[in-house]
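Reproduced below: coords-v5.tsv, with TSV, C-alpha atoms.
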```tsv
chain	number	residue	atom	x	y	z
Z	19	GLU	CA	-14.98	11.53	-32.68
Z	20	ARG	CA	-13.49	14.74	-31.30
Z	21	LEU	CA	-16.91	15.74	-29.93
Z	22	ARG	CA	-17.42	12.33	-28.33
Z	23	ARG	CA	-13.98	12.50	-26.72
Z	24	GLY	CA	-14.71	15.95	-25.40
Z	25	GLY	CA	-17.97	14.75	-23.91
Z	26	TYR	CA	-16.35	11.80	-22.18
Z	27	GLY	CA	-13.60	14.05	-20.83
Z	28	ALA	CA	-15.98	16.66	-19.46
Z	29	GLU	CA	-18.08	13.99	-17.77
Z	30	CYS	CA	-15.03	12.25	-16.33
Z	31	GLY	CA	-13.76	15.51	-14.85
Z	32	ALA	CA	-17.14	16.33	-13.31
Z	33	VAL	CA	-17.46	12.88	-11.75
Z	34	LEU	CA	-13.91	12.95	-10.37
Z	35	ARG	CA	-14.57	16.33	-8.75
Z	36	GLU	CA	-17.74	14.89	-7.18
Z	37	ALA	CA	-15.73	11.92	-5.91
Z	38	VAL	CA	-13.12	14.21	-4.35
Z	39	VAL	CA	-15.81	16.20	-2.55
Z	40	ALA	CA	-17.47	12.96	-1.38
Z	41	LEU	CA	-14.18	11.65	-0.06
Z	42	PHE	CA	-13.66	14.80	2.00
Z	43	GLU	CA	-17.25	15.08	3.22
Z	44	ARG	CA	-18.26	11.52	3.97
Z	45	HIS	CA	-15.22	9.66	5.13
Z	46	GLU	CA	-14.92	9.30	8.89
Z	47	ASN	CA	-11.26	10.34	8.74
Z	48	ALA	CA	-11.85	13.02	6.12
Z	49	PRO	CA	-8.66	14.99	5.50
Z	50	THR	CA	-8.67	18.62	6.54
Z	51	ALA	CA	-6.06	21.33	6.72
Z	52	SER	CA	-5.78	21.35	10.49
Z	53	SER	CA	-7.29	18.48	12.46
Z	54	SER	CA	-6.53	15.73	9.93
Z	55	PRO	CA	-3.66	16.78	7.65
Z	56	TYR	CA	-3.07	14.61	4.62
Z	57	ALA	CA	-0.43	14.05	1.93
Z	58	VAL	CA	-0.64	13.09	-1.73
Z	59	ILE	CA	1.57	10.36	-3.17
Z	60	LEU	CA	2.45	12.13	-6.40
Z	61	SER	CA	3.93	10.27	-9.36
Z	62	GLY	CA	3.27	13.03	-11.85
Z	63	GLY	CA	1.35	10.63	-14.07
Z	64	VAL	CA	-2.13	11.12	-15.48
Z	65	ASP	CA	-3.97	9.94	-12.35
Z	66	THR	CA	-2.22	11.88	-9.61
Z	67	SER	CA	-1.86	14.97	-11.80
Z	68	ALA	CA	-5.64	14.96	-12.29
Z	69	LEU	CA	-6.17	14.38	-8.57
Z	70	VAL	CA	-3.99	17.33	-7.57
Z	71	ALA	CA	-5.62	19.55	-10.21
Z	72	ALA	CA	-9.08	18.64	-8.90
Z	73	LEU	CA	-8.06	19.35	-5.29
Z	74	SER	CA	-6.74	22.76	-6.30
Z	75	GLU	CA	-9.69	23.70	-8.52
Z	76	LEU	CA	-12.18	22.76	-5.82
Z	77	ALA	CA	-10.25	24.79	-3.21
Z	78	MET	CA	-10.12	21.77	-0.91
Z	79	PRO	CA	-7.85	21.99	2.14
Z	80	ALA	CA	-4.29	21.93	0.85
Z	81	PRO	CA	-2.20	18.83	1.53
Z	82	ALA	CA	0.50	18.97	4.16
Z	83	ALA	CA	2.93	17.49	1.65
Z	84	LEU	CA	3.30	16.02	-1.81
Z	85	VAL	CA	5.66	13.05	-1.88
Z	86	THR	CA	7.51	11.36	-4.74
Z	87	VAL	CA	10.03	8.49	-4.81
Z	88	ASN	CA	13.16	8.44	-6.96
Z	89	ILE	CA	15.42	5.38	-6.84
Z	90	ASN	CA	18.95	5.80	-8.18
Z	91	ILE	CA	21.17	2.84	-7.38
Z	92	GLU	CA	23.60	2.40	-10.22
Z	93	SER	CA	25.98	-0.08	-8.62
Z	94	ALA	CA	27.59	-1.17	-5.37
Z	95	GLU	CA	30.31	1.42	-6.01
Z	96	ALA	CA	27.69	4.17	-6.12
Z	97	GLU	CA	26.35	2.89	-2.82
Z	98	ARG	CA	29.79	3.13	-1.24
Z	99	ARG	CA	30.07	6.73	-2.46
Z	100	GLU	CA	26.74	7.69	-0.91
Z	101	GLY	CA	28.35	10.29	1.30
Z	102	GLU	CA	29.43	12.23	-1.80
Z	103	GLY	CA	25.81	12.86	-2.84
Z	104	HIS	CA	24.01	11.83	-6.00
Z	105	ALA	CA	21.84	13.35	-8.65
Z	106	LEU	CA	18.32	12.04	-9.12
Z	107	ASN	CA	17.78	9.20	-11.56
Z	108	ALA	CA	16.78	11.07	-14.73
Z	109	SER	CA	15.49	7.93	-16.44
Z	110	ALA	CA	12.96	7.53	-13.59
Z	111	ARG	CA	10.69	10.31	-14.81
Z	112	ASP	CA	8.23	10.59	-11.91
Z	113	ALA	CA	10.38	13.14	-10.08
Z	114	ALA	CA	10.51	15.60	-13.00
Z	115	TYR	CA	6.81	15.37	-13.80
Z	116	ALA	CA	5.81	15.51	-10.11
Z	117	ALA	CA	7.94	18.62	-9.59
Z	118	ALA	CA	6.10	20.32	-12.45
Z	119	VAL	CA	2.71	19.37	-10.97
Z	120	ALA	CA	3.76	20.63	-7.53
Z	121	ARG	CA	4.97	23.96	-8.94
Z	122	THR	CA	1.77	24.39	-10.93
Z	123	TYR	CA	-0.82	23.70	-8.24
Z	124	TYR	CA	0.79	23.87	-4.79
Z	125	PRO	CA	4.03	25.89	-4.97
Z	126	SER	CA	3.93	26.63	-1.24
Z	127	VAL	CA	3.34	23.01	-0.14
Z	128	PRO	CA	6.46	20.94	0.67
Z	129	HIS	CA	7.31	18.51	-2.12
Z	130	LEU	CA	9.28	15.69	-0.55
Z	131	VAL	CA	11.38	13.62	-2.93
Z	132	VAL	CA	12.44	10.35	-1.31
Z	133	ALA	CA	15.82	9.85	-3.01
Z	134	VAL	CA	16.78	6.21	-2.49
Z	135	GLN	CA	20.48	5.76	-3.24
Z	136	SER	CA	21.38	2.80	-1.07
Z	137	ARG	CA	20.74	-0.77	-2.14
Z	138	ALA	CA	20.45	-1.75	1.51
Z	139	ALA	CA	17.63	0.77	1.99
Z	140	LEU	CA	15.72	-0.59	-1.00
Z	141	GLU	CA	16.24	-4.19	0.08
Z	142	SER	CA	15.02	-3.40	3.60
Z	143	ALA	CA	11.84	-1.77	2.32
Z	144	CYS	CA	11.22	-4.71	-0.02
Z	145	ARG	CA	11.58	-7.12	2.89
Z	146	ASP	CA	8.89	-5.20	4.75
Z	147	CYS	CA	6.57	-5.34	1.74
Z	148	VAL	CA	7.08	-9.08	1.21
Z	149	GLN	CA	6.36	-9.75	4.87
Z	150	HIS	CA	3.24	-7.59	5.08
Z	151	LEU	CA	1.80	-8.47	1.67
Z	152	ARG	CA	2.80	-12.16	1.84
Z	153	SER	CA	3.95	-11.99	-1.74
Z	154	PHE	CA	7.22	-12.64	-3.58
Z	155	ASP	CA	5.89	-11.51	-6.96
Z	156	GLY	CA	8.56	-9.19	-8.37
Z	157	MET	CA	6.16	-6.89	-10.20
Z	158	ALA	CA	3.92	-6.52	-7.15
Z	159	VAL	CA	6.81	-5.78	-4.79
Z	160	ARG	CA	8.49	-3.31	-7.18
Z	161	ASN	CA	5.22	-1.41	-7.37
Z	162	ALA	CA	4.34	-1.66	-3.68
Z	163	VAL	CA	7.69	-0.57	-2.31
Z	164	VAL	CA	7.30	2.90	-3.84
Z	165	PRO	CA	4.18	4.07	-1.94
Z	166	TYR	CA	5.49	2.25	1.13
Z	167	MET	CA	8.70	4.32	1.17
Z	168	ALA	CA	6.72	7.47	0.39
Z	169	MET	CA	4.30	7.00	3.28
Z	170	ARG	CA	7.03	5.93	5.68
Z	171	ARG	CA	9.07	9.05	4.97
Z	172	VAL	CA	6.11	11.37	5.50
Z	173	ARG	CA	5.15	9.58	8.71
Z	174	GLU	CA	8.73	10.01	9.97
Z	175	GLU	CA	8.89	13.72	9.15
Z	176	MET	CA	5.22	14.64	9.70
Z	177	PRO	CA	3.76	12.23	12.26
Z	178	ASP	CA	0.44	14.10	12.34
Z	179	VAL	CA	-0.22	13.03	8.74
Z	180	ARG	CA	-2.34	9.90	8.88
Z	181	THR	CA	-4.11	10.03	5.52
Z	182	PHE	CA	-2.64	9.64	2.04
Z	183	LEU	CA	-4.43	10.28	-1.23
Z	184	THR	CA	-3.46	8.14	-4.22
Z	185	GLY	CA	-4.48	7.49	-7.82
Z	186	ASP	CA	-5.36	3.86	-7.14
Z	187	GLY	CA	-8.12	2.46	-9.35
Z	188	ALA	CA	-7.76	4.72	-12.39
Z	189	ASP	CA	-5.75	2.19	-14.40
Z	190	GLU	CA	-8.21	-0.61	-13.70
Z	191	LEU	CA	-11.31	1.47	-14.41
Z	192	LEU	CA	-10.15	3.48	-17.40
Z	193	GLY	CA	-8.11	1.04	-19.47
Z	194	GLY	CA	-4.71	2.12	-18.23
Z	195	TYR	CA	-3.03	-1.26	-18.76
Z	196	SER	CA	-1.78	-2.02	-22.28
Z	197	PHE	CA	-3.19	-5.55	-22.29
Z	198	PHE	CA	-6.67	-3.96	-22.32
Z	199	TRP	CA	-6.07	-2.00	-25.49
Z	200	GLY	CA	-6.41	-4.85	-27.97
Z	201	TYR	CA	-9.76	-6.06	-26.63
Z	202	GLU	CA	-12.86	-5.43	-28.67
Z	203	GLY	CA	-15.55	-3.30	-27.01
Z	204	ALA	CA	-17.59	-6.06	-25.32
Z	205	ARG	CA	-14.48	-7.96	-24.25
Z	206	PHE	CA	-12.97	-4.77	-22.85
Z	207	VAL	CA	-16.04	-4.16	-20.67
Z	208	GLU	CA	-16.10	-7.81	-19.54
Z	209	GLU	CA	-12.40	-8.00	-18.63
Z	210	ARG	CA	-12.50	-4.65	-16.86
Z	211	ALA	CA	-15.45	-5.75	-14.72
Z	212	LYS	CA	-13.65	-9.00	-13.88
Z	213	MET	CA	-10.50	-7.18	-12.83
Z	214	CYS	CA	-12.45	-4.75	-10.67
Z	215	ARG	CA	-14.30	-7.57	-8.90
Z	216	GLU	CA	-10.99	-8.97	-7.67
Z	217	TRP	CA	-8.93	-5.83	-7.23
Z	218	THR	CA	-6.86	-5.18	-4.15
Z	219	PHE	CA	-4.39	-2.36	-3.56
Z	220	SER	CA	-1.16	-2.86	-1.68
Z	221	THR	CA	-1.10	0.80	-0.64
Z	222	VAL	CA	-4.17	0.25	1.53
Z	223	ALA	CA	-2.61	-2.70	3.38
Z	224	LEU	CA	0.79	-1.03	3.78
Z	225	ALA	CA	-0.79	2.17	5.08
Z	226	ARG	CA	-2.41	0.20	7.89
Z	227	VAL	CA	0.99	-1.22	8.82
Z	228	LEU	CA	2.29	2.34	9.14
Z	229	GLY	CA	-0.66	3.40	11.29
Z	230	CYS	CA	-2.34	5.47	8.61
Z	231	GLU	CA	-4.84	5.20	5.77
Z	232	ALA	CA	-4.67	5.38	1.97
Z	233	LEU	CA	-7.68	6.72	0.08
Z	234	SER	CA	-8.41	7.31	-3.59
Z	235	PRO	CA	-11.23	9.31	-5.17
Z	236	PHE	CA	-11.14	6.87	-8.08
Z	237	LEU	CA	-12.36	4.18	-5.65
Z	238	GLN	CA	-15.31	6.23	-4.44
Z	239	LYS	CA	-18.60	4.58	-5.41
Z	240	ARG	CA	-19.69	7.50	-7.57
Z	241	PHE	CA	-16.60	7.28	-9.75
Z	242	VAL	CA	-16.52	3.47	-9.91
Z	243	ASP	CA	-20.17	3.25	-10.95
Z	244	TRP	CA	-19.67	5.87	-13.65
Z	245	ALA	CA	-16.44	4.38	-14.99
Z	246	LEU	CA	-17.81	0.85	-15.29
Z	247	ARG	CA	-20.56	2.15	-17.58
Z	248	GLN	CA	-18.13	3.74	-20.03
Z	249	PRO	CA	-17.36	2.06	-23.37
Z	250	LYS	CA	-13.88	1.29	-24.61
Z	251	GLU	CA	-13.86	4.39	-26.84
Z	252	ALA	CA	-14.08	6.60	-23.74
Z	253	CYS	CA	-10.95	5.01	-22.29
Z	254	VAL	CA	-8.67	3.83	-25.10
Z	255	GLY	CA	-7.59	5.76	-28.16
Z	256	ARG	CA	-4.75	7.54	-29.92
Z	257	CYS	CA	-3.33	10.71	-28.39
Z	258	ASP	CA	-0.30	12.91	-28.88
Z	259	LEU	CA	1.99	11.98	-25.98
Z	260	ARG	CA	5.49	12.64	-24.72
Z	261	ILE	CA	7.99	10.61	-22.73
Z	262	GLU	CA	10.42	13.26	-21.48
Z	263	ARG	CA	9.07	16.45	-19.94
Z	264	ASP	CA	10.92	18.72	-22.37
Z	265	GLU	CA	10.36	16.85	-25.62
Z	266	PRO	CA	7.70	17.56	-28.28
Z	267	LEU	CA	4.52	15.54	-28.35
Z	268	ARG	CA	4.64	12.37	-30.45
Z	269	PRO	CA	1.50	12.02	-32.57
Z	270	GLY	CA	-1.04	9.20	-32.56
Z	271	ILE	CA	0.18	6.93	-29.74
Z	272	LEU	CA	-2.29	4.30	-28.56
Z	273	THR	CA	-3.00	4.77	-24.86
Z	274	GLY	CA	-5.54	4.39	-22.07
Z	275	LYS	CA	-7.31	6.77	-19.68
Z	276	VAL	CA	-8.17	9.05	-22.59
Z	277	CYS	CA	-11.20	10.57	-20.87
Z	278	LEU	CA	-9.11	11.43	-17.80
Z	279	ARG	CA	-6.44	13.02	-19.99
Z	280	ASP	CA	-9.13	15.08	-21.75
Z	281	ALA	CA	-10.71	16.01	-18.40
Z	282	PHE	CA	-7.57	17.80	-17.17
Z	283	PRO	CA	-5.62	18.58	-20.36
Z	284	GLN	CA	-3.63	21.40	-18.80
Z	285	THR	CA	-1.85	19.31	-16.16
Z	286	PRO	CA	1.85	18.53	-16.68
Z	287	GLY	CA	1.09	14.80	-16.61
Z	288	ALA	CA	-1.95	14.78	-18.90
Z	289	TRP	CA	-0.04	13.87	-22.05
Z	290	ARG	CA	2.68	11.78	-20.46
Z	291	ARG	CA	3.03	8.30	-21.91
Z	292	LYS	CA	1.94	5.58	-19.50
Z	293	GLU	CA	4.78	4.24	-17.37
Z	294	PRO	CA	4.35	1.64	-14.62
Z	295	ILE	CA	5.27	2.72	-11.10
Z	296	GLN	CA	8.43	0.64	-11.24
Z	297	MET	CA	9.70	2.54	-14.29
Z	298	GLY	CA	8.64	6.01	-13.17
Z	299	SER	CA	10.25	5.60	-9.75
Z	300	GLY	CA	13.30	3.54	-10.75
Z	301	SER	CA	12.45	0.41	-8.73
Z	302	ASP	CA	12.77	-1.59	-11.96
Z	303	CYS	CA	16.53	-1.60	-11.27
Z	304	MET	CA	15.90	-4.81	-9.31
Z	305	GLU	CA	15.01	-6.61	-12.54
Z	306	ARG	CA	18.51	-6.14	-13.93
Z	307	SER	CA	20.96	-8.99	-13.44
Z	308	ASP	CA	23.86	-6.58	-12.84
Z	309	PHE	CA	22.02	-5.14	-9.83
Z	310	TRP	CA	22.71	-8.42	-8.02
Z	311	HIS	CA	26.13	-9.33	-9.39
Z	312	ASP	CA	28.04	-8.57	-6.17
Z	313	SER	CA	25.21	-9.65	-3.87
Z	314	GLN	CA	24.49	-12.88	-2.01
Z	315	TRP	CA	21.38	-13.24	-4.17
Z	316	ARG	CA	21.50	-14.36	-7.79
Z	317	SER	CA	18.45	-12.38	-8.92
Z	318	GLU	CA	15.41	-10.44	-7.81
Z	319	ARG	CA	13.43	-13.69	-7.66
Z	320	HIS	CA	16.06	-15.29	-5.44
Z	321	PHE	CA	16.06	-12.28	-3.11
Z	322	LEU	CA	12.27	-12.00	-2.83
Z	323	SER	CA	11.86	-15.76	-2.34
Z	324	ASP	CA	14.37	-15.58	0.51
Z	325	CYS	CA	12.43	-12.67	2.06
Z	326	PHE	CA	9.23	-14.72	1.79
Z	327	VAL	CA	10.69	-17.76	3.50
Z	328	THR	CA	12.92	-16.13	6.13
Z	329	GLY	CA	10.96	-12.93	6.77
Z	330	ALA	CA	7.36	-13.98	6.36
Z	331	GLY	CA	8.04	-17.50	7.66
Z	332	LEU	CA	6.31	-19.19	4.73
Z	333	SER	CA	7.32	-22.02	2.42
Z	334	ILE	CA	7.73	-22.28	-1.34
Z	335	PRO	CA	5.78	-24.15	-2.53
Z	336	ARG	CA	3.08	-24.01	0.10
Z	337	THR	CA	3.13	-26.83	2.60
Z	338	ALA	CA	-0.34	-27.62	3.94
Z	339	PRO	CA	-0.58	-28.28	7.69
Z	340	ALA	CA	-1.38	-31.88	8.54
Z	341	GLY	CA	-5.09	-32.62	8.53
Z	342	CYS	CA	-6.08	-29.48	6.60
Z	343	GLN	CA	-8.46	-29.65	3.67
Z	344	PRO	CA	-6.94	-28.86	0.27
Z	345	LEU	CA	-7.39	-25.30	-0.93
Z	346	PRO	CA	-10.30	-24.90	-3.38
Z	347	PHE	CA	-8.29	-22.86	-5.92
Z	348	PRO	CA	-4.52	-23.31	-5.47
Z	349	CYS	CA	-1.96	-21.66	-7.73
Z	350	LYS	CA	-0.36	-24.29	-9.93
Z	351	GLU	CA	3.09	-22.75	-9.37
Z	352	CYS	CA	3.32	-21.88	-5.66
Z	353	GLY	CA	0.32	-23.71	-4.18
Z	354	TYR	CA	-1.10	-20.67	-2.39
Z	355	GLU	CA	-4.79	-19.81	-2.57
Z	356	LEU	CA	-6.40	-17.91	-5.46
Z	357	PRO	CA	-9.63	-15.91	-4.99
Z	358	SER	CA	-11.78	-17.89	-7.44
Z	359	GLN	CA	-11.81	-20.50	-10.19
Z	360	ASP	CA	-11.67	-17.70	-12.75
Z	361	THR	CA	-8.52	-16.08	-11.34
Z	362	THR	CA	-5.65	-16.20	-13.83
Z	363	TYR	CA	-2.99	-14.22	-11.93
Z	364	CYS	CA	-1.43	-15.27	-8.62
Z	365	ARG	CA	-0.75	-12.36	-6.28
Z	366	THR	CA	1.58	-14.51	-4.17
Z	367	CYS	CA	4.13	-15.59	-6.79
Z	368	GLY	CA	3.08	-13.71	-9.92
Z	369	ALA	CA	2.24	-16.82	-11.97
Z	370	TRP	CA	0.13	-16.24	-15.08
Z	371	PRO	CA	-1.86	-18.25	-15.90
Z	372	ALA	CA	-2.07	-19.48	-12.32
Z	373	GLN	CA	-4.57	-22.32	-12.92
```

With the file now loaded, output its structure as structure tokens.
Amino acid sequence: ERLRRGGYGAECGAVLREAVVALFERHENAPTASSSPYAVILSGGVDTSALVAALSELAMPAPAALVTVNINIESAEAERREGEGHALNASARDAAYAAAVARTYYPSVPHLVVAVQSRAALESACRDCVQHLRSFDGMAVRNAVVPYMAMRRVREEMPDVRTFLTGDGADELLGGYSFFWGYEGARFVEERAKMCREWTFSTVALARVLGCEALSPFLQKRFVDWALRQPKEACVGRCDLRIERDEPLRPGILTGKVCLRDAFPQTPGAWRRKEPIQMGSGSDCMERSDFWHDSQWRSERHFLSDCFVTGAGLSIPRTAPAGCQPLPFPCKECGYELPSQDTTYCRTCGAWPAQ
């Protein structure tokens, strides 16, 4: 088993390096050090740690910046004290891991930490995401608002940066989501292929809104083709992982993206336990009922629904214009269109199952 894991890891690393080179060589807006500076949205997780390690090892043009988001909004009282300054949210671990990655590979490159300490700032960014993505799904918005704020900050401070590199696609291709882990081998391959047929990435759409572009080496054809051929054992297994940066490894934890972890075992994020973007950044604060207790909104759902109706100008449930044909695959909860008859998750409202 150890030999098989090592083989999968070595192959994964080689293919990712090829994908990085292909992204730089073939894309029409290929990032370069001078004419087309780029930034990396760095969470410090397995994916972006591997990406930054590959960029460094290949001696690609260095990024103009690495950018990480940390959201620390404890209460309305903390918001009123904003002028006094705040520490970073320690329970949102992206900032600590990302700082370690930045120090390891690009110590001379600016590492921007977008410290969000105002509820109004978070709400405003969420409104933008709801409007542009036409979605009031809490999970989708909590995840999308993080790269949106990262890209917006870089664009404000470094307007020449028009390209962002991300880790998009690694979770889908390499069994990063926990609901994959219980599938038997054939079912794992089938469900992964289905997910990848319908995948979309909010970072791509939000980058366009900001006048820039988001790219990922994991979405390069070479990497996608390779990953879709890999069996479950290459992606899912038990590893020694840690949660906090300074704690010992915990043995035998079931996890995904094993081959990517083994490909770049020396990175600070290689043996970090999987955390969704919303947890690593701190945007999961919007799920808590106390976050809204002194607000005009009762809950995250209430707030996002209001953004959808008042900001995006849409109705809940969907109201079909007079004379229009019914949608072929409407969501049973919100009435908005689903991609196919096999789609189980609604990207508009978050319903599952949606049909």

message: Applying 12 Å and all atoms listed in the file, which residues near Z:Ala232 remain after dropping the ones on its own chain fewer than 4 positions away? List them as a VMD selection string.
response: chain Z and resid 41 45 47 to 49 56 to 59 165 to 166 168 to 169 179 to 186 219 to 228 237

Among the residues Z:Pro128, Z:Gly200, Z:Gly63, Z:Pro357, the one that comes closest to Z:Val85 [using all atoms listed in the file]: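 Using all atoms listed in the file, Z:Val85 sits closest to Z:Pro128.
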
message: Within 10 Å of (-4.4, 19.9, -2.3) in the file's own coordinates, which protein, DNA or RNA residues have an atom, counting only C-alpha atoms? List them as a PyMOL selection string.
response: chain Z and resi 50-51+56-58+69-84+120+123-124+127+183

- prompt: So which residues are close to (-1.5, -24.5, -4.4), meaning at most 10 Å away in the file's coordinates with only C-alpha atoms counted, and can you show them as a ChimeraX atom specification?
  reply: /Z:334-338,344-356,372-373

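Compared by their closest atoms to Z:Cys30, and using all atoms listed in the file, the residues Z:Gln296, Z:Gln238, Z:Gln149, Z:Gln248 rank with Z:Gln248 nearest.
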
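Here atom CA of Z:Arg171 is placed at a distance of 8.6 Å from atom CA of Z:Leu130.
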
Pick from Z:Glu208, Z:Glu231, Z:Glu293, Z:Glu29 nearest to Z:Tyr115, counting only C-alpha atoms: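 Among the listed residues, Z:Glu293 lies closest to Z:Tyr115.
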
task: For each of Z:Ser313, Z:Ser196, Z:Asn88, Z:Ser61, take the minimum atom-to-atom distance to Z:Val134, counting all atoms listed in the file, then give the residue where this is smallest.
output: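 Smallest distance to Z:Val134 is found for Z:Asn88.
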